[in-house]
Amino acid sequence: MLIVFNPAAGSRRRSRLDRALALLPGARLAETHGPSHAEALARQAAAAGEDCVVAAGGDGTIAEVAAGLVGSQTALGILPLGTANVLALELRLPRQPEEAARALLTGQDTALWPGIARFGSGQSRLFVQMLGAGFDAMVVRNLDLRLKRRAGRAAYVWQAARELPRYRFRPIQAVLDGGAPMPASALVVTKGRLYAGPFRLAPGATPLRPGFHVALIGGGALHAAMAGALLPLGLLPHLPGLVLHQASRIALRGEDVPTQMDGDVTGDLPVTIDDAPAPLRVRLPAGSGTEHGRKAGE
Ligand SMILES: Nc1ncnc2c1ncn2[C@@H]1O[C@H](COP(=O)(O)OP(=O)(O)OP(=O)(O)O)[C@@H](O)[C@H]1O
């Protein structure tokens with residue numbers, strides 16, 4: 001087992017890492033030096049036939065490790081040490097490092113379907129949880145990373161409040177499975193039901209099945225402010241102007257519209273989104289419910 005630790009994820013996470021490592025005496029540890037390093041480490045380990053590569057960080061680290069494992073038989077393990085940890089919440093992974101470590105030792109592997117986003121620039125990138133286009137991407141782009149380390153998720157709330165009066169909502173066109181273009185002023189393509197932490201966005205969605213839920217959001221700053229108020233109450237699906245669809249292939253267009261994937265800054269539209277050609281194996285706690293208990297490949 002290789003543990004890929006991102007020292008820049010979350011804040012003050014090293015002691016949590018050490019608590020997990022104490023229960024994983026056979027594991028090797030590699031620390032990332034910057035963006036994309038986790039992907040290279042994971043790819044190398046998979047090529048060497050490693051049984052499991054553990055992403056010790058947040059959603060961005062998990063996405064990078066997943067990108068390195070795609071197409072291999074190496075399982076993805078998760079030690080949630082990030083800020084939002086949406087995928088860990090989605091998969092109901094234990095929060096305590098000791099319990100998470102035990103799950104890595106005794107868990108079972110299940111199929112996980114990441115998304116692949118292909119940008120107009122020709123670049124492609126994998127995501128495990130979500131892609132946001134518009135307002136939330138601008139919040140991520142302008143986030144004060146030092147404040148994020150100190151204040152965690154509250155830094156996003158602060159940045160969203162700063163962006164509200166100045167962000168220019170631009171039209172987005174979404175084509176779902178080759179249908180007629182649909183308009184939105186902000187949009188989230190999600191694999192899972194949660195958004196920005198433990199908050200409900202798309203009931204019924206799961207990264208353990210192929211396909212996506214797409215939240216098309218109309219309106220401007222007022223709607224964004226309402227979304228901010230409804231989010232912590234778990235009422236985001238009831239935001240006026242929000243419509244949820246399901247799709248397998250999504251094409252998004254728009255001028256000067258930024259995107260973010262799994263909480264990391266990515267390119268501007270246009271982008272096309274599909275499932276990865278094959279699922280990954282993700283290691284979940286043994287017997288963690290019927291939905292999560294399905295074996296990889298089933
Ligand atoms: N040594 C490093 N120094 C700076 N950045 C790094 C380093 N290693 C990895 N990164 C980058 O840090 C980014 C953020 O990591 P990650 O998303 O795991 O943490 P987080 O943002 O705190 O958690 P979450 O996404 O769950 O909120 C990743 O996209 C990764 O590219």
# chains A, B, ... in the order shown; residues from 1 in each chain; ligands from 1

$ residues_near_ligand --ligand "ligand 1" --cutoff "10 Å" --atoms "only C-alpha atoms and all ligand atoms" --output "ChimeraX atom specification"
/A:4-11,13,31-39,55-65,80-89,129,140,145,148-149,152-153,156,196-197,261-266

$ select_by_dssp --residues "range 184-224 of chain A" --states "alpha helix (DSSP H)" --output "VMD selection string"
chain A and resid 221 to 224

$ residues_around --residues "Met182 in chain A" --least-positions-apart "2" --cutoff "9 Å" --atoms "only C-alpha atoms" --output "PDB file with C-alpha atoms, in the first residue's frame"
ATOM      1  CA  ILE A 172     -24.072  29.174 -20.442  1.00  0.00           C
ATOM      2  CA  GLN A 173     -25.517  26.695 -22.926  1.00  0.00           C
ATOM      3  CA  ALA A 174     -25.746  23.055 -21.907  1.00  0.00           C
ATOM      4  CA  VAL A 175     -26.346  20.221 -24.362  1.00  0.00           C
ATOM      5  CA  LEU A 176     -27.292  17.014 -22.534  1.00  0.00           C
ATOM      6  CA  GLY A 179     -30.542  17.309 -26.994  1.00  0.00           C
ATOM      7  CA  ALA A 180     -31.574  20.920 -27.582  1.00  0.00           C
ATOM      8  CA  ALA A 184     -28.220  28.587 -17.465  1.00  0.00           C
ATOM      9  CA  LEU A 216     -28.905  24.139 -14.289  1.00  0.00           C
TER      10      LEU A 216
END

$ residues_around --residues "Gly122 in chain A" --least-positions-apart "6" --cutoff "12 Å" --atoms "only C-alpha atoms" --output "PDB file with N, CA and C atoms, in the first residue's frame"
ATOM      1  N   GLY A 267      -9.993  25.164 -16.482  1.00  0.00           N
ATOM      2  CA  GLY A 267     -10.055  26.133 -17.583  1.00  0.00           C
ATOM      3  C   GLY A 267     -11.422  26.763 -17.760  1.00  0.00           C
ATOM      4  N   ASP A 268     -11.539  27.610 -18.804  1.00  0.00           N
ATOM      5  CA  ASP A 268     -12.823  28.219 -19.154  1.00  0.00           C
ATOM      6  C   ASP A 268     -13.581  27.282 -20.098  1.00  0.00           C
ATOM      7  N   LEU A 269     -14.896  27.516 -20.234  1.00  0.00           N
ATOM      8  CA  LEU A 269     -15.684  26.795 -21.241  1.00  0.00           C
ATOM      9  C   LEU A 269     -15.122  27.140 -22.617  1.00  0.00           C
ATOM     10  N   PRO A 270     -15.312  26.278 -23.626  1.00  0.00           N
ATOM     11  CA  PRO A 270     -16.177  25.099 -23.664  1.00  0.00           C
ATOM     12  C   PRO A 270     -15.526  23.860 -23.055  1.00  0.00           C
ATOM     13  N   VAL A 271     -16.410  22.927 -22.643  1.00  0.00           N
ATOM     14  CA  VAL A 271     -15.934  21.652 -22.112  1.00  0.00           C
ATOM     15  C   VAL A 271     -16.968  20.563 -22.441  1.00  0.00           C
ATOM     16  N   THR A 272     -16.468  19.364 -22.641  1.00  0.00           N
ATOM     17  CA  THR A 272     -17.345  18.201 -22.864  1.00  0.00           C
ATOM     18  C   THR A 272     -17.043  17.191 -21.772  1.00  0.00           C
TER      19      THR A 272
END

$ select_by_dssp --residues "range 118-184 of chain A" --states "strand (DSSP E or B)" --output "NGL selection string"
:A and (118-119 or 124-127 or 130-133 or 172-176 or 182-184)

$ residues_around --residues "Ala45 in chain A" --least-positions-apart "2" --cutoff "12 Å" --atoms "only C-alpha atoms" --output "count of residues only"
30

$ atom_distance --atom1 "CA of Arg253 in chain A" --atom2 "CA of Phe199 in chain A"
26.9 Å

$ residues_around --residues "Ala117 in chain A" --least-positions-apart "2" --cutoff "6 Å" --atoms "only C-alpha atoms" --output "ChimeraX atom specification"
/A:124-125,272-273
